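> Got a structure for you, written out below as structure tokens; questions coming shortly.
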Amino acid sequence: MIRLDGYLCTCKGLTRSEAKKLIKEKRVSINDSIVSDPSCKVNDDDTVKLDGEILIFEEYVYIILNKPSGYVTARTDSKNPTVMDLIGEKRKDLSPVGRLDIDTEGILLITDNGKLNHNMLSPSKHVDKCYLVRCAHEVSDEDIDHLKNGVDIGDDKPTLPAKCERSDDNILLTIQEGRYHQVKRMLAATGNEVVYLKRLSFGPLSLDDSLNLGEYRKLNKEELESLKEYL
Ligand code: URA
């Protein structure tokens with residue numbers, strides 16, 4: 001059970017006072033009866049409508065974005081546009097799960113589920129992140145072995161073992177950690193330089209053809225199911 005004004009806030013990304021105003025204006029119904037009391041309780045099987053449109057209650061929002069270059073992975077930034085500027089969802093607690101650099105493209109998960117956010121970033125969960133990496137110079141077989149085995153990027157410990165394979169002129173590098181600028185620093189440790197970086201997958205989630213750069217969508221049922229172990 002949840003209060004009607006809270007229900008409206010969650011469904012429509014409204015402030016409590018905006019929700020109360022709509023209710024007072026008699027624009028909200030529960031099971032086709034107009035309700036004017038914001039504290040009225042909504043049960044799981046009730047149908048709530050705003051201006052005749054059925055509202056769908058989702059406790060959390062899960063969004064997958066194909067991040068373009070030029071956007072900062074943050075909620076706000078004083079200098080550059082942020083990934084949140086690309087998202088039409090107004091819910092207040094949405095945050096990106098982890099970070100991509102401003103010039104990195106690719107899959108970014110955005111949610112208001114703090115537990116999932118925490119779990120997917122926890123080193124103990126070993127979440128795979130696969131990157132398409134284009135380098136300034138040729139990557140030798142030795143470099144690939146080196147990247148696979150772990151490299152010294154100037155931290156206390158070398159990077160953990162990773163997967164690395166060629167894909168046309170690029171490499172696909174799958175890491176389980178999320179250190180600062182990790183991929184760029186790993187390639188720098190082999191004397192190379194990353195000129196293009198795109199994240200193709202994040203845990204069980206992968207980019208697909210449905211999203212052009214800058215586009216986003218809510219996760220579908222199968223994708224949500226695949227995140228179960230992090231919930
Ligand atoms: N590693 C990087 O160097 N940059 C990213 O954006 C992600 C991983």
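Residues in the structure tokens are named by chain (A, B, ... in the order shown) and by number from 1 within that chain; ligands are numbered from 1 in the order shown.
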I'd like the contact shell of stretch 148-162 of chain A - 12 Å cut-off, only C-alpha atoms, skipping same-chain residues fewer than 5 positions apart - returned as a PyMOL selection string.
chain A and resi 123+126-131+141-143+171-191
> Residues within 6 Å of stretch 43-51 of chain A, please, as a ChimeraX atom specification. Count only C-alpha atoms; anything in the same chain fewer than 5 positions from it doesn't count.
/A:1,27-31
> Please indicate the distance in Å from atom CA of A:Tyr196 to atom CA of A:Cys135, rounded to one decimal place.
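Those two atoms sit 7.0 Å apart.
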> So which residues of stretch 97-204 of chain A fall under strand (DSSP E) by DSSP, listed as number ranges by chain?
A: 105-111, 129-135, 163-167, 170-175, 194-202
> I need the residues in stretch 32-186 of chain A that are alpha helix (DSSP H) according to DSSP; give them as a list in words.
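Checking each residue of stretch 32-186 of chain A, the alpha helix (DSSP H) ones are Gly114, Lys115, Leu116, Asn117, His118, Asn119, Met120, Leu121, Asp141, Glu142, Asp143, Ile144, Asp145, His146, Leu147, Lys148, Asn149, Gln182, Val183, Lys184, Arg185 and Met186 of chain A.
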> Which residues are near A:Ile110? Cut-off 6 Å, only C-alpha atoms, ignore same chain within fewer than 2 positions. Put them as a PyMOL selection string.
chain A and resi 62-63+95-97
> So that I can see what lies close to A:Leu213, please list as an mmCIF file with C-alpha atoms, in the first residue's frame the residues with an atom at most 9 Å from it, counting only C-alpha atoms and leaving out residues fewer than 3 positions away in the same chain.

data_model
loop_
_atom_site.group_PDB
_atom_site.id
_atom_site.type_symbol
_atom_site.label_atom_id
_atom_site.label_comp_id
_atom_site.auth_asym_id
_atom_site.auth_seq_id
_atom_site.Cartn_x
_atom_site.Cartn_y
_atom_site.Cartn_z
ATOM 1 C CA LEU A 65 21.934 4.372 -22.749
ATOM 2 C CA ASN A 66 24.249 4.248 -25.753
ATOM 3 C CA LYS A 67 26.494 7.033 -24.521
ATOM 4 C CA PRO A 68 28.002 9.320 -27.139
ATOM 5 C CA SER A 69 31.350 11.064 -26.775
ATOM 6 C CA GLU A 105 31.011 5.694 -26.067
ATOM 7 C CA GLY A 106 28.762 2.768 -25.340
ATOM 8 C CA TYR A 216 18.190 5.110 -24.481
#
> As a short mmCIF file (atom, residue, chain, number, x, y, z; two decimals) with N, CA, C and O atoms, in the first residue's frame, please: the residues near A:Gly70 (cut-off 9 Å, only C-alpha atoms, same-chain neighbours under 4 positions excluded).

data_model
loop_
_atom_site.label_atom_id
_atom_site.label_comp_id
_atom_site.auth_asym_id
_atom_site.auth_seq_id
_atom_site.Cartn_x
_atom_site.Cartn_y
_atom_site.Cartn_z
N ASN A 80 30.33 20.69 -18.96
CA ASN A 80 29.91 19.88 -20.11
C ASN A 80 28.52 19.30 -19.91
O ASN A 80 28.07 19.15 -18.78
N PRO A 81 27.87 18.92 -21.02
CA PRO A 81 26.58 18.23 -20.84
C PRO A 81 26.81 16.87 -20.20
O PRO A 81 27.89 16.28 -20.35
N THR A 82 25.82 16.39 -19.48
CA THR A 82 25.95 15.10 -18.79
C THR A 82 25.05 14.06 -19.45
O THR A 82 24.13 14.40 -20.19
N ASP A 101 34.48 7.59 -19.50
CA ASP A 101 35.12 8.88 -19.71
C ASP A 101 34.31 9.72 -20.69
O ASP A 101 33.53 9.18 -21.48
N ILE A 102 34.58 11.01 -20.70
CA ILE A 102 33.80 11.92 -21.58
C ILE A 102 33.92 11.50 -23.05
O ILE A 102 32.96 11.60 -23.81
N ASP A 103 35.08 10.98 -23.45
CA ASP A 103 35.27 10.61 -24.86
C ASP A 103 34.96 9.13 -25.13
O ASP A 103 35.19 8.65 -26.23
N THR A 104 34.48 8.41 -24.15
CA THR A 104 34.12 6.99 -24.34
C THR A 104 32.65 6.87 -24.73
O THR A 104 31.81 7.59 -24.20
N GLU A 105 32.39 5.96 -25.65
CA GLU A 105 31.01 5.69 -26.07
C GLU A 105 30.54 4.37 -25.45
O GLU A 105 31.34 3.61 -24.92
#
> Which polymer residues have any atom within 10 Å of an atom of A:Asp208, counting only C-alpha atoms, with same-chain residues fewer than 4 positions away left out, as a PyMOL selection string?
chain A and resi 66+107+200-201+212
> With N, CA and C atoms retained, write the just-selected residues as an mmCIF file, in the first residue's frame.

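Okay, selection_14.cif is ready:
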data_model
loop_
_atom_site.group_PDB
_atom_site.id
_atom_site.type_symbol
_atom_site.label_atom_id
_atom_site.label_comp_id
_atom_site.auth_asym_id
_atom_site.auth_seq_id
_atom_site.Cartn_x
_atom_site.Cartn_y
_atom_site.Cartn_z
ATOM 1 N N ASN A 66 23.068 4.359 -24.896
ATOM 2 C CA ASN A 66 24.249 4.248 -25.753
ATOM 3 C C ASN A 66 24.924 5.615 -25.702
ATOM 4 N N ILE A 107 27.666 1.388 -23.770
ATOM 5 C CA ILE A 107 26.584 1.028 -22.850
ATOM 6 C C ILE A 107 26.798 1.614 -21.453
ATOM 7 N N LEU A 200 30.923 -2.295 -24.974
ATOM 8 C CA LEU A 200 29.918 -3.090 -25.686
ATOM 9 C C LEU A 200 28.993 -3.828 -24.733
ATOM 10 N N SER A 201 29.519 -4.200 -23.568
ATOM 11 C CA SER A 201 28.655 -4.912 -22.628
ATOM 12 C C SER A 201 29.041 -4.580 -21.193
ATOM 13 N N ASN A 212 20.823 3.839 -31.251
ATOM 14 C CA ASN A 212 21.890 4.635 -31.859
ATOM 15 C C ASN A 212 22.572 5.437 -30.764
#
> Would you mind listing what lies within 9 Å of A:Asn113 as number ranges by chain, with only C-alpha atoms counted and same-chain residues fewer than 5 positions away left out?
A: 59-62, 93-95, 118, 231
> Write to file, as a PDB file, in the first residue's frame, the residues of the selection just made, with C-alpha atoms.

ATOM      1  CA  GLU A  59       9.359   0.855  -8.014  1.00  0.00           C
ATOM      2  CA  TYR A  60      12.649   1.377  -9.839  1.00  0.00           C
ATOM      3  CA  VAL A  61      13.669   2.596 -13.252  1.00  0.00           C
ATOM      4  CA  TYR A  62      16.391   0.820 -15.269  1.00  0.00           C
ATOM      5  CA  ASP A  93      17.296   9.576  -7.777  1.00  0.00           C
ATOM      6  CA  LEU A  94      18.537   8.270 -11.115  1.00  0.00           C
ATOM      7  CA  SER A  95      22.309   7.766 -11.252  1.00  0.00           C
ATOM      8  CA  HIS A 118      26.350  -0.743  -5.441  1.00  0.00           C
ATOM      9  CA  LEU A 231      19.257  -7.122  -6.702  1.00  0.00           C
TER      10      LEU A 231
END
> Looking at only C-alpha atoms and all ligand atoms, which of A:Asn170, A:Ser124, A:Asn117, A:Thr73 is the one that sits closest to ligand 1?
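Using only C-alpha atoms and all ligand atoms, ligand 1 sits closest to A:Thr73.
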> Quick one: pull the distance between atom CA of A:Leu108 and atom CA of A:Arg199, Å, one decimal.
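A separation of 8.2 Å between them.
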